[in-house]
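Colleague: Sharing a structure, written as structure tokens. Questions coming.
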Amino acid sequence: DTGVSQNPRHKITKRGQNVTFRCDPISEHNRLYWYRQTLGQGPEFLTYFQNEAQLEKSRLLSDRFSAERPKGSFSTLEIQRTEQGDSAMYLCASSHRSVPEEAFFGQGTRLTVV
Amino acid sequence: AQSVTQLDSQVPVFEEAPVELRCNYSSSVSVYLFWYVQYPNQGLQLLLKYLSGSTLVKGINGFEAEFNKSQTSFHLRKPSVHISDTAEYFCAVSLSGYSTLTFGKGTMLLVSP
């Protein structure tokens, strides 16, 4: 197992366009998390899934953001009508039911909205 | 709600010197505490965690941290740093029984020869 995988690593998009990111968690990890990290800040929680169920969403997750985990494996995060303020690193993490507190992070997708 | 304060945004240190990165948290209930390291353009790697038990926790790469409940602190220490320890370090907290993390703003450790 190679860890949490995120694609793409970098994305440049024009304001107003839609973007979608993918996260493949470590196999057999039932929990999957999305965080956002802006320059000079620590990661901020966006949402998390237990298997295919989305159990919690942060107030940071506006209506333009949607996340899915259709079969309890990989997850996608879509941002509609991107704004310059959406420019950030989007991090995905996963954890196993036996040690749910121990989250393993992917390398992130860096989004730049121009 | 819980919060994390990392008192230093940057800590410069010479190679082979000891270092302490400070972290304080606030929470009205029991918490779990973590330190993560982030190298440039990389994700976060778990250094160590405190869930319960011994207040002195040892992690990877020679780092350790001590949980102090009365001072609500979880400072990270290393007796002798290497150039390769140059990175951003994040302290994080989660509520007991929950797995979502609240992070501090990070401390940039700059190790020079």
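Each chain of the structure tokens is named A, B, ... in the order shown, its residues numbered from 1; ligands are numbered from 1 in display order.
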Do a neighbour search on Ser5 in chain A at 6 Å with only C-alpha atoms, toss out local chain neighbours closer than 3 positions, and write the hits as a list in words.

Modeller: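 Close residues of Ser5 in chain A: Cys23, Asp24 and Gly106 of chain A.
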
Colleague: What's around range 87-104 of chain A at 7 Å? Count only C-alpha atoms, leave out sequence neighbours fewer than 6 positions away in its own chain, and write the answer as a ChimeraX atom specification.

Modeller: /A:4,23,25-26,28-38,110-113 /B:99

Colleague: Filtering to N, CA, C and O atoms, could you give me those residues as a PDB file, in the first residue's frame?

Modeller:
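The resulting file, again00.pdb, is reproduced below:
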ATOM      1  N   VAL A   4      -2.117   7.382   1.174  1.00  0.00           N
ATOM      2  CA  VAL A   4      -3.236   8.140   0.621  1.00  0.00           C
ATOM      3  C   VAL A   4      -2.765   8.833  -0.661  1.00  0.00           C
ATOM      4  O   VAL A   4      -1.728   9.496  -0.664  1.00  0.00           O
ATOM      5  N   CYS A  23      -9.477  11.553  -4.185  1.00  0.00           N
ATOM      6  CA  CYS A  23      -8.662  11.016  -3.094  1.00  0.00           C
ATOM      7  C   CYS A  23      -8.879   9.518  -3.006  1.00  0.00           C
ATOM      8  O   CYS A  23     -10.014   9.051  -2.915  1.00  0.00           O
ATOM      9  N   PRO A  25      -8.005   6.610  -0.454  1.00  0.00           N
ATOM     10  CA  PRO A  25      -7.465   6.401   0.897  1.00  0.00           C
ATOM     11  C   PRO A  25      -6.660   5.110   0.963  1.00  0.00           C
ATOM     12  O   PRO A  25      -6.622   4.326   0.017  1.00  0.00           O
ATOM     13  N   ILE A  26      -6.039   4.893   2.091  1.00  0.00           N
ATOM     14  CA  ILE A  26      -5.375   3.618   2.340  1.00  0.00           C
ATOM     15  C   ILE A  26      -6.461   2.534   2.383  1.00  0.00           C
ATOM     16  O   ILE A  26      -7.534   2.751   2.975  1.00  0.00           O
ATOM     17  N   GLU A  28      -8.844  -0.378   3.266  1.00  0.00           N
ATOM     18  CA  GLU A  28      -9.429  -0.805   4.543  1.00  0.00           C
ATOM     19  C   GLU A  28      -9.573   0.322   5.551  1.00  0.00           C
ATOM     20  O   GLU A  28      -9.995   0.073   6.686  1.00  0.00           O
ATOM     21  N   HIS A  29      -9.223   1.541   5.177  1.00  0.00           N
ATOM     22  CA  HIS A  29      -9.514   2.677   6.044  1.00  0.00           C
ATOM     23  C   HIS A  29     -10.953   3.100   5.795  1.00  0.00           C
ATOM     24  O   HIS A  29     -11.322   3.478   4.687  1.00  0.00           O
ATOM     25  N   ASN A  30     -11.774   3.039   6.864  1.00  0.00           N
ATOM     26  CA  ASN A  30     -13.177   3.342   6.654  1.00  0.00           C
ATOM     27  C   ASN A  30     -13.498   4.828   6.785  1.00  0.00           C
ATOM     28  O   ASN A  30     -14.527   5.292   6.337  1.00  0.00           O
ATOM     29  N   ARG A  31     -12.584   5.600   7.379  1.00  0.00           N
ATOM     30  CA  ARG A  31     -12.845   7.027   7.542  1.00  0.00           C
ATOM     31  C   ARG A  31     -11.992   7.826   6.566  1.00  0.00           C
ATOM     32  O   ARG A  31     -10.813   7.527   6.370  1.00  0.00           O
ATOM     33  N   LEU A  32     -12.599   8.841   5.990  1.00  0.00           N
ATOM     34  CA  LEU A  32     -11.905   9.688   5.019  1.00  0.00           C
ATOM     35  C   LEU A  32     -12.256  11.137   5.316  1.00  0.00           C
ATOM     36  O   LEU A  32     -13.421  11.474   5.551  1.00  0.00           O
ATOM     37  N   TYR A  33     -11.235  12.003   5.301  1.00  0.00           N
ATOM     38  CA  TYR A  33     -11.394  13.407   5.690  1.00  0.00           C
ATOM     39  C   TYR A  33     -10.880  14.317   4.577  1.00  0.00           C
ATOM     40  O   TYR A  33      -9.910  13.998   3.895  1.00  0.00           O
ATOM     41  N   TRP A  34     -11.501  15.488   4.480  1.00  0.00           N
ATOM     42  CA  TRP A  34     -10.981  16.554   3.630  1.00  0.00           C
ATOM     43  C   TRP A  34     -10.669  17.768   4.509  1.00  0.00           C
ATOM     44  O   TRP A  34     -11.483  18.153   5.362  1.00  0.00           O
ATOM     45  N   TYR A  35      -9.483  18.328   4.263  1.00  0.00           N
ATOM     46  CA  TYR A  35      -9.054  19.548   4.935  1.00  0.00           C
ATOM     47  C   TYR A  35      -8.608  20.548   3.877  1.00  0.00           C
ATOM     48  O   TYR A  35      -8.190  20.178   2.774  1.00  0.00           O
ATOM     49  N   ARG A  36      -8.640  21.827   4.243  1.00  0.00           N
ATOM     50  CA  ARG A  36      -8.134  22.876   3.371  1.00  0.00           C
ATOM     51  C   ARG A  36      -7.055  23.638   4.122  1.00  0.00           C
ATOM     52  O   ARG A  36      -7.219  23.955   5.305  1.00  0.00           O
ATOM     53  N   GLN A  37      -5.960  23.936   3.416  1.00  0.00           N
ATOM     54  CA  GLN A  37      -4.857  24.662   4.027  1.00  0.00           C
ATOM     55  C   GLN A  37      -4.490  25.851   3.155  1.00  0.00           C
ATOM     56  O   GLN A  37      -4.092  25.686   2.003  1.00  0.00           O
ATOM     57  N   THR A  38      -4.643  27.046   3.708  1.00  0.00           N
ATOM     58  CA  THR A  38      -4.230  28.246   3.004  1.00  0.00           C
ATOM     59  C   THR A  38      -2.849  28.661   3.486  1.00  0.00           C
ATOM     60  O   THR A  38      -2.362  28.201   4.529  1.00  0.00           O
ATOM     61  N   ARG A 110      -2.921  21.188  -4.870  1.00  0.00           N
ATOM     62  CA  ARG A 110      -2.808  22.643  -4.760  1.00  0.00           C
ATOM     63  C   ARG A 110      -3.647  23.288  -5.859  1.00  0.00           C
ATOM     64  O   ARG A 110      -3.389  23.084  -7.043  1.00  0.00           O
ATOM     65  N   LEU A 111      -4.640  24.052  -5.453  1.00  0.00           N
ATOM     66  CA  LEU A 111      -5.529  24.729  -6.392  1.00  0.00           C
ATOM     67  C   LEU A 111      -5.172  26.200  -6.469  1.00  0.00           C
ATOM     68  O   LEU A 111      -5.067  26.869  -5.434  1.00  0.00           O
ATOM     69  N   THR A 112      -5.003  26.679  -7.686  1.00  0.00           N
ATOM     70  CA  THR A 112      -4.793  28.104  -7.925  1.00  0.00           C
ATOM     71  C   THR A 112      -5.899  28.602  -8.849  1.00  0.00           C
ATOM     72  O   THR A 112      -6.074  28.072  -9.956  1.00  0.00           O
ATOM     73  N   VAL A 113      -6.662  29.578  -8.384  1.00  0.00           N
ATOM     74  CA  VAL A 113      -7.739  30.162  -9.172  1.00  0.00           C
ATOM     75  C   VAL A 113      -7.274  31.520  -9.681  1.00  0.00           C
ATOM     76  O   VAL A 113      -6.915  32.402  -8.888  1.00  0.00           O
TER      77      VAL A 113
ATOM     78  N   SER B  99     -12.654  12.084  15.734  1.00  0.00           N
ATOM     79  CA  SER B  99     -11.403  11.938  14.999  1.00  0.00           C
ATOM     80  C   SER B  99     -11.062  13.127  14.126  1.00  0.00           C
ATOM     81  O   SER B  99     -10.027  13.144  13.489  1.00  0.00           O
TER      82      SER B  99
END

Colleague: Go through B:Val93, B:Leu101, B:Met108, B:Val37 one by one, measure the shortest atom-to-atom distance of each to Asn24 in chain B using only C-alpha atoms, and give the residue with the smallest value.

Modeller: B:Val93

Colleague: Considering only C-alpha atoms, return as a PyMOL selection string whatever protein or nucleic-acid residues lie within 9 Å of range 61-74 of chain B, sequence-local ones (same chain, fewer than 6 positions apart) excluded.

Modeller: chain B and resi 22-27+33-35+47-50+54-55+80-81+85+91

Colleague: Grab the CA of Gly108 in chain A to CA of Asn41 in chain B distance for me, in Å with one decimal place.

Modeller: 8.2 Å

Colleague: With 12 Å as the limit and counting only C-alpha atoms, what residues in chain B lie close to chain A? Please list them as a PyMOL selection string.

Modeller: chain B and resi 3-6+9-10+31-51+88-108

Colleague: So how many Å separate CA of Ser73 in chain A and CA of Ala53 in chain A, to one decimal?

Modeller: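 Going from CA of Ser73 in chain A over to CA of Ala53 in chain A covers 11.1 Å.
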
Colleague: Expressed in Å to a single decimal, how great is the separation between CA of Ser84 in chain B and CA of Val57 in chain B?

Modeller: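 CA of Val57 in chain B lies 21.5 Å from CA of Ser84 in chain B.
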
Colleague: If you run DSSP over the backbone, which residues in chain A end up strand (DSSP E)? Put them as a compact mmCIF listing (two decimals) with N, CA and C atoms, in the first residue's frame.

Modeller:
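Final file, out.txt:
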# COMPACT_ATOMS: atom_id res chain seq x y z
N SER A 5 -3.54 8.67 -1.72
CA SER A 5 -3.18 9.22 -3.01
C SER A 5 -4.17 10.29 -3.43
N GLN A 6 -3.66 11.44 -3.88
CA GLN A 6 -4.52 12.52 -4.32
C GLN A 6 -4.16 12.94 -5.74
N ASN A 7 -5.19 13.18 -6.53
CA ASN A 7 -4.99 13.64 -7.90
C ASN A 7 -6.00 14.72 -8.26
N HIS A 10 -1.56 19.36 -8.76
CA HIS A 10 -1.71 20.80 -8.97
C HIS A 10 -2.84 21.04 -9.96
N LYS A 11 -3.56 22.13 -9.74
CA LYS A 11 -4.65 22.50 -10.66
C LYS A 11 -4.72 24.01 -10.72
N ILE A 12 -4.63 24.53 -11.94
CA ILE A 12 -4.82 25.96 -12.17
C ILE A 12 -6.11 26.10 -12.95
N THR A 13 -7.00 26.95 -12.50
CA THR A 13 -8.28 27.12 -13.17
C THR A 13 -8.67 28.58 -13.20
N VAL A 19 -14.10 22.55 -10.63
CA VAL A 19 -12.96 21.63 -10.51
C VAL A 19 -13.36 20.45 -9.64
N THR A 20 -12.71 19.33 -9.89
CA THR A 20 -12.95 18.12 -9.09
C THR A 20 -11.62 17.49 -8.73
N PHE A 21 -11.50 17.13 -7.46
CA PHE A 21 -10.30 16.46 -6.98
C PHE A 21 -10.67 15.05 -6.52
N ARG A 22 -9.69 14.16 -6.62
CA ARG A 22 -9.92 12.78 -6.21
C ARG A 22 -8.97 12.38 -5.08
N CYS A 23 -9.48 11.55 -4.19
CA CYS A 23 -8.66 11.02 -3.09
C CYS A 23 -8.88 9.52 -3.01
N ASP A 24 -7.79 8.77 -3.02
CA ASP A 24 -7.84 7.32 -2.77
C ASP A 24 -7.22 7.06 -1.41
N ARG A 31 -12.58 5.60 7.38
CA ARG A 31 -12.84 7.03 7.54
C ARG A 31 -11.99 7.83 6.57
N LEU A 32 -12.60 8.84 5.99
CA LEU A 32 -11.91 9.69 5.02
C LEU A 32 -12.26 11.14 5.32
N TYR A 33 -11.24 12.00 5.30
CA TYR A 33 -11.39 13.41 5.69
C TYR A 33 -10.88 14.32 4.58
N TRP A 34 -11.50 15.49 4.48
CA TRP A 34 -10.98 16.55 3.63
C TRP A 34 -10.67 17.77 4.51
N TYR A 35 -9.48 18.33 4.26
CA TYR A 35 -9.05 19.55 4.93
C TYR A 35 -8.61 20.55 3.88
N ARG A 36 -8.64 21.83 4.24
CA ARG A 36 -8.13 22.88 3.37
C ARG A 36 -7.06 23.64 4.12
N GLN A 37 -5.96 23.94 3.42
CA GLN A 37 -4.86 24.66 4.03
C GLN A 37 -4.49 25.85 3.16
N GLU A 44 -7.59 23.20 7.86
CA GLU A 44 -8.90 23.39 8.47
C GLU A 44 -9.83 22.29 7.97
N PHE A 45 -10.56 21.71 8.89
CA PHE A 45 -11.46 20.60 8.57
C PHE A 45 -12.59 21.05 7.67
N LEU A 46 -12.87 20.25 6.64
CA LEU A 46 -14.01 20.53 5.75
C LEU A 46 -15.14 19.53 5.96
N THR A 47 -14.81 18.23 5.84
CA THR A 47 -15.85 17.21 5.93
C THR A 47 -15.22 15.84 6.15
N TYR A 48 -16.06 14.88 6.65
CA TYR A 48 -15.53 13.54 6.74
C TYR A 48 -16.60 12.49 6.50
N PHE A 49 -16.14 11.35 6.04
CA PHE A 49 -16.98 10.21 5.71
C PHE A 49 -16.60 9.02 6.58
N GLN A 50 -17.62 8.28 6.97
CA GLN A 50 -17.39 6.96 7.52
C GLN A 50 -18.03 6.00 6.53
N ALA A 53 -21.01 7.20 4.11
CA ALA A 53 -21.85 8.21 4.74
C ALA A 53 -21.04 9.46 5.12
N GLN A 54 -21.55 10.61 4.69
CA GLN A 54 -20.91 11.88 5.05
C GLN A 54 -21.47 12.28 6.41
N LEU A 55 -20.64 12.21 7.44
CA LEU A 55 -21.13 12.37 8.81
C LEU A 55 -21.00 13.78 9.36
N GLU A 56 -20.10 14.56 8.83
CA GLU A 56 -19.91 15.90 9.37
C GLU A 56 -19.42 16.84 8.29
N LYS A 57 -19.96 18.05 8.32
CA LYS A 57 -19.53 19.09 7.38
C LYS A 57 -19.24 20.37 8.14
N PHE A 65 -19.36 23.77 -2.63
CA PHE A 65 -18.52 22.59 -2.39
C PHE A 65 -19.42 21.36 -2.21
N SER A 66 -19.01 20.27 -2.83
CA SER A 66 -19.70 19.01 -2.58
C SER A 66 -18.69 17.88 -2.58
N ALA A 67 -18.87 16.96 -1.67
CA ALA A 67 -17.97 15.81 -1.57
C ALA A 67 -18.80 14.54 -1.61
N GLU A 68 -18.22 13.52 -2.22
CA GLU A 68 -18.89 12.23 -2.30
C GLU A 68 -17.89 11.11 -2.03
N SER A 75 -12.87 9.12 -2.83
CA SER A 75 -13.76 10.25 -2.63
C SER A 75 -13.43 11.33 -3.65
N THR A 76 -14.42 12.14 -3.98
CA THR A 76 -14.20 13.30 -4.82
C THR A 76 -14.68 14.55 -4.10
N LEU A 77 -13.99 15.64 -4.34
CA LEU A 77 -14.38 16.96 -3.82
C LEU A 77 -14.53 17.87 -5.02
N GLU A 78 -15.73 18.41 -5.20
CA GLU A 78 -15.99 19.29 -6.33
C GLU A 78 -16.22 20.70 -5.82
N ILE A 79 -15.64 21.66 -6.51
CA ILE A 79 -15.90 23.07 -6.23
C ILE A 79 -16.52 23.66 -7.49
N ALA A 88 -5.95 27.25 -2.52
CA ALA A 88 -5.49 26.61 -1.28
C ALA A 88 -4.93 25.24 -1.63
N MET A 89 -4.38 24.59 -0.59
CA MET A 89 -4.02 23.18 -0.70
C MET A 89 -5.17 22.38 -0.11
N TYR A 90 -5.66 21.41 -0.84
CA TYR A 90 -6.74 20.56 -0.35
C TYR A 90 -6.14 19.20 0.01
N LEU A 91 -6.26 18.88 1.29
CA LEU A 91 -5.65 17.66 1.82
C LEU A 91 -6.71 16.62 2.13
N CYS A 92 -6.39 15.40 1.81
CA CYS A 92 -7.24 14.27 2.13
C CYS A 92 -6.50 13.40 3.15
N ALA A 93 -7.24 12.81 4.06
CA ALA A 93 -6.65 11.91 5.05
C ALA A 93 -7.58 10.73 5.26
N SER A 94 -7.03 9.64 5.75
CA SER A 94 -7.87 8.49 6.08
C SER A 94 -7.40 7.86 7.38
N SER A 95 -8.31 7.13 8.02
CA SER A 95 -7.97 6.42 9.25
C SER A 95 -8.75 5.11 9.33
N PHE A 104 -3.84 9.51 8.37
CA PHE A 104 -2.72 9.52 7.43
C PHE A 104 -3.11 10.44 6.28
N PHE A 105 -2.22 11.40 5.98
CA PHE A 105 -2.53 12.41 5.00
C PHE A 105 -1.90 12.10 3.64
N THR A 109 -3.71 18.45 -3.04
CA THR A 109 -3.92 19.05 -4.36
C THR A 109 -3.86 20.56 -4.18
N ARG A 110 -2.92 21.19 -4.87
CA ARG A 110 -2.81 22.64 -4.76
C ARG A 110 -3.65 23.29 -5.86
N LEU A 111 -4.64 24.05 -5.45
CA LEU A 111 -5.53 24.73 -6.39
C LEU A 111 -5.17 26.20 -6.47
N THR A 112 -5.00 26.68 -7.69
CA THR A 112 -4.79 28.10 -7.93
C THR A 112 -5.90 28.60 -8.85
N VAL A 113 -6.66 29.58 -8.38
CA VAL A 113 -7.74 30.16 -9.17
C VAL A 113 -7.27 31.52 -9.68
